[in-house]
Every structure is written in C-alpha cells, then in structure tokens.
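The block underneath contains the structure these notes are about, expressed in structure tokens.
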Amino acid sequence: MKCPWVYGAKQNLVKYHDKIWCKETHDENEMFRRLCLLIFQCGLKWQMILDKQEVLERIFYHFNPEKIVSIAMCDTYFTEYVTGSINNRKKIRAIIHNAETLIKLHEQGIYLKDLVWDCSNHRVIDHHWQHVEEIPNQTELSKQLTKKLRMAGFHFIGPKNMYVYLQMVGVLNDHLIYCESR
C-alpha cells in the first residue's frame, strides 16, 4: 500500500512519492534544486511542476547556483516565454536571488543543508501518521526554518512551503504508517 494521494496519479508523481518525498538527503545541490522546484510550485499543483521539471532544469542550468546567477535580466524575460516553463517573474527572480544568497552563504562557510538539518538536530522526524488528514500544513519547526532562511536572505518562502520542503528533503517522514515507501 501507498499513501492515498498517489493512487490514480501519473507515473512521475508516483516515482516522486516512492523515491524522493520524505527521503533523507544532505546533498547541498539537491537541497537547493528541491527548494527551487518548491518555489515554482507555490500556488500550483505539484503534478504541474513534475511535468515541467525537465524544462525548468534546462532553463535554470539544473539549478546550479553559480550558473543561475549568470542569468541576465534579458534572460529573465526570456524564461517567461519558453514553452513549458512557469511564467512567473517573481518566482524567477526569487530563484536568481536565492542562488546569489546561497553563493554568499557558501563564501562564509554556511550551507543550506546545515541551516535545514540543524532545525531537527540532524535527525529525521518520523510522525507515524495514520491518516492524511493528520498531516499539518505548517508547524513550529516550519515556522522556525522560515525565520532562519529569511534571516539568511532567502526569498519566496513561508511556513507552509517550508513544511513541504522539510518533507522533500527528508527531515520529516510523513508517509502514512502503512505506506510501503516509509
């Protein structure tokens, strides 16, 4: 059995559920990539992001921060009109700004993976939920992470999408107790 939200879903969403969602990662580049995808997801269905992921990764150099900062203003406008992209100037600017922020943090010896995993004392929090309705959309932990990342300079984040981010990088394991992907 799996979490009920994947039944009847497209294969890429099932694969995301099985291989990525709530699976622990400490890889800096992967954590930044997931943050970028989450920013694009704000206000949209996750399925749409998965469907457009290949195009987004191509446009944004596989979310390599050093390459993203090379995007000039004309490139920002260009990405808005690329077929298959997410046409949202604020999200695009947030991705570029967050790449700049991450590079500055790295120059100071500060890493996104540490900012995120410090919130849980570098351990996975396994909730053992029985029903989807039990899963909150934000918690004190996601509020703390939001505050910490905003203070570090990141944009386009809030307690709700940081809760999802904590799931995406595996700090939280919100697979239901009967799910085979736990």
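If you're wondering about the labels, chains in the structure tokens are A, B, ... by order shown, residues count from 1 in each chain, ligands from 1 in order shown.
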
Find the spatial neighbours of A:Cys36, counting only C-alpha atoms, within a cut-off of 9 Å - ignore same-chain residues fewer than 2 positions away - and output them as a ChimeraX atom specification. /A:31-34,38-41,63,91,94-95,98

Could you write out the selected residues, including N, CA, C and O atoms, as a tab-separated table (two decimals), in the first residue's frame?
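selection03.tsv was written with the following content:
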chain	number	residue	atom	x	y	z
A	31	MET	N	19.47	19.74	-2.37
A	31	MET	CA	18.60	20.50	-1.49
A	31	MET	C	18.23	21.85	-2.11
A	31	MET	O	17.09	22.29	-2.00
A	32	PHE	N	19.18	22.48	-2.79
A	32	PHE	CA	18.87	23.74	-3.46
A	32	PHE	C	17.93	23.50	-4.64
A	32	PHE	O	16.99	24.26	-4.86
A	33	ARG	N	18.17	22.45	-5.39
A	33	ARG	CA	17.30	22.12	-6.53
A	33	ARG	C	15.86	21.92	-6.06
A	33	ARG	O	14.92	22.45	-6.65
A	34	ARG	N	15.69	21.20	-4.97
A	34	ARG	CA	14.34	20.96	-4.45
A	34	ARG	C	13.70	22.25	-3.95
A	34	ARG	O	12.49	22.45	-4.11
A	38	LEU	N	10.26	23.80	-5.42
A	38	LEU	CA	9.18	24.13	-4.49
A	38	LEU	C	8.72	25.58	-4.68
A	38	LEU	O	7.53	25.86	-4.62
A	39	ILE	N	9.65	26.48	-4.93
A	39	ILE	CA	9.28	27.87	-5.18
A	39	ILE	C	8.41	27.96	-6.43
A	39	ILE	O	7.39	28.66	-6.44
A	40	PHE	N	8.77	27.24	-7.47
A	40	PHE	CA	7.94	27.23	-8.66
A	40	PHE	C	6.57	26.63	-8.38
A	40	PHE	O	5.57	27.02	-8.98
A	41	GLN	N	6.49	25.70	-7.45
A	41	GLN	CA	5.23	25.03	-7.14
A	41	GLN	C	4.24	25.92	-6.41
A	41	GLN	O	3.04	25.69	-6.49
A	63	PHE	N	19.66	23.92	-11.84
A	63	PHE	CA	19.64	24.62	-10.56
A	63	PHE	C	21.01	24.71	-9.92
A	63	PHE	O	21.15	24.67	-8.70
A	91	LYS	N	8.75	34.45	-9.22
A	91	LYS	CA	9.39	33.18	-8.89
A	91	LYS	C	10.77	33.09	-9.54
A	91	LYS	O	11.72	32.64	-8.91
A	94	ALA	N	13.08	35.21	-7.62
A	94	ALA	CA	13.40	34.57	-6.33
A	94	ALA	C	14.44	33.47	-6.51
A	94	ALA	O	15.35	33.35	-5.68
A	95	ILE	N	14.34	32.71	-7.58
A	95	ILE	CA	15.33	31.65	-7.84
A	95	ILE	C	16.71	32.27	-8.02
A	95	ILE	O	17.70	31.81	-7.44
A	98	ASN	N	17.91	33.69	-4.66
A	98	ASN	CA	18.29	32.63	-3.72
A	98	ASN	C	19.60	31.98	-4.13
A	98	ASN	O	20.38	31.57	-3.26

Check the DSSP output for the backbone and give back, as a list in words, the residues of chain A in strand (DSSP E or B). Ile125, Asp126, Leu172 and Asn173 of chain A

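Our summary of the geometry notes that atom CA of A:His17 is positioned 22.7 Å from atom CA of A:Ser85.
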
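You can rank A:Ser181, A:Asn12, A:Asn64, A:Thr101 by their closest distance to A:Met151 using only C-alpha atoms, and at the top of that list sits A:Thr101.
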
May I have the residues within 9 Å of A:Gly158 as an MDAnalysis selection string, using only C-alpha atoms and disregarding those fewer than 6 positions away in the same chain? chainID A and resid 142:143 145:147 150

As a VMD selection string, please: the residues near A:Pro136 (cut-off 12 Å, only C-alpha atoms, same-chain neighbours under 5 positions excluded). chain A and resid 127 129 131 141 to 142 159 to 164 167 172 174

For A:Ile103, list every protein, DNA or RNA residue within 12 Å, evaluated using only C-alpha atoms, and leave out those in the same chain fewer than 5 positions away; present the list as JSON, numbers by chain. {"A": [28, 29, 32, 64, 65, 66, 67, 68, 69, 96, 97, 98, 108, 109, 110, 111, 112, 152, 153, 154]}

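Residue nearest A:Asn137 within the list A:Leu149, A:Leu44, A:Lys104, A:Leu166: A:Leu166 [criterion: smallest interatomic distance, only C-alpha atoms].
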
Enumerate the residues of stretch 54-176 of chain A with a DSSP assignment of helix (DSSP H, G or I), computed from the backbone, and present them as a PyMOL selection string. chain A and resi 54-59+61-63+65-68+73-80+89-107+112-120+132-134+140-152+159-168

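Pairwise distance (atom CA of A:Arg89, atom CA of A:Gln47) equals 20.6 Å.
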
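Note that atom CA of A:Pro4 and atom CA of A:Leu176 are 8.9 Å apart.
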
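Among the candidates A:Arg58, A:Arg123, A:His155, A:Lys148, the residue lying nearest to A:Glu100 is A:His155 (atoms considered: only C-alpha atoms).
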
Got a sec: who's within 9 Å of A:Lys23, counting only C-alpha atoms, leaving out chain neighbours fewer than 3 positions off, as a PDB file with C-alpha atoms, in the first residue's frame?
ATOM      1  CA  ASP A  18       8.421   6.442  -3.843  1.00  0.00           C
ATOM      2  CA  LYS A  19      11.940   7.784  -4.417  1.00  0.00           C
ATOM      3  CA  ILE A  20      12.119  11.418  -3.226  1.00  0.00           C
ATOM      4  CA  GLN A 167       9.198  16.613   3.679  1.00  0.00           C
ATOM      5  CA  MET A 168      11.017  16.965   0.343  1.00  0.00           C
ATOM      6  CA  VAL A 169      14.472  16.710   1.906  1.00  0.00           C
ATOM      7  CA  GLY A 170      13.515  14.005   4.385  1.00  0.00           C
ATOM      8  CA  VAL A 171      13.715  15.926   7.650  1.00  0.00           C
ATOM      9  CA  LEU A 172      10.085  14.885   8.052  1.00  0.00           C
ATOM     10  CA  ASN A 173       8.805  11.436   7.232  1.00  0.00           C
ATOM     11  CA  ARG A 182       8.415   4.520   4.513  1.00  0.00           C
TER      12      ARG A 182
END

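Minimum atom-to-atom distances from A:Leu35, A:Leu56, A:Met1, A:Ile49 to A:Lys113 were compared using only C-alpha atoms, and the lowest value belongs to A:Leu35.
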
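Ranking A:Glu107, A:Asp51, A:Glu24, A:Glu140 by their shortest atom-to-atom distance to A:Lys10, with only C-alpha atoms included, puts A:Asp51 first.
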
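Distance annotation: of A:Ala99, A:Ser70, A:His26, A:Asn87, the residue with the minimal separation from A:Trp117 is A:His26; atom set is only C-alpha atoms.
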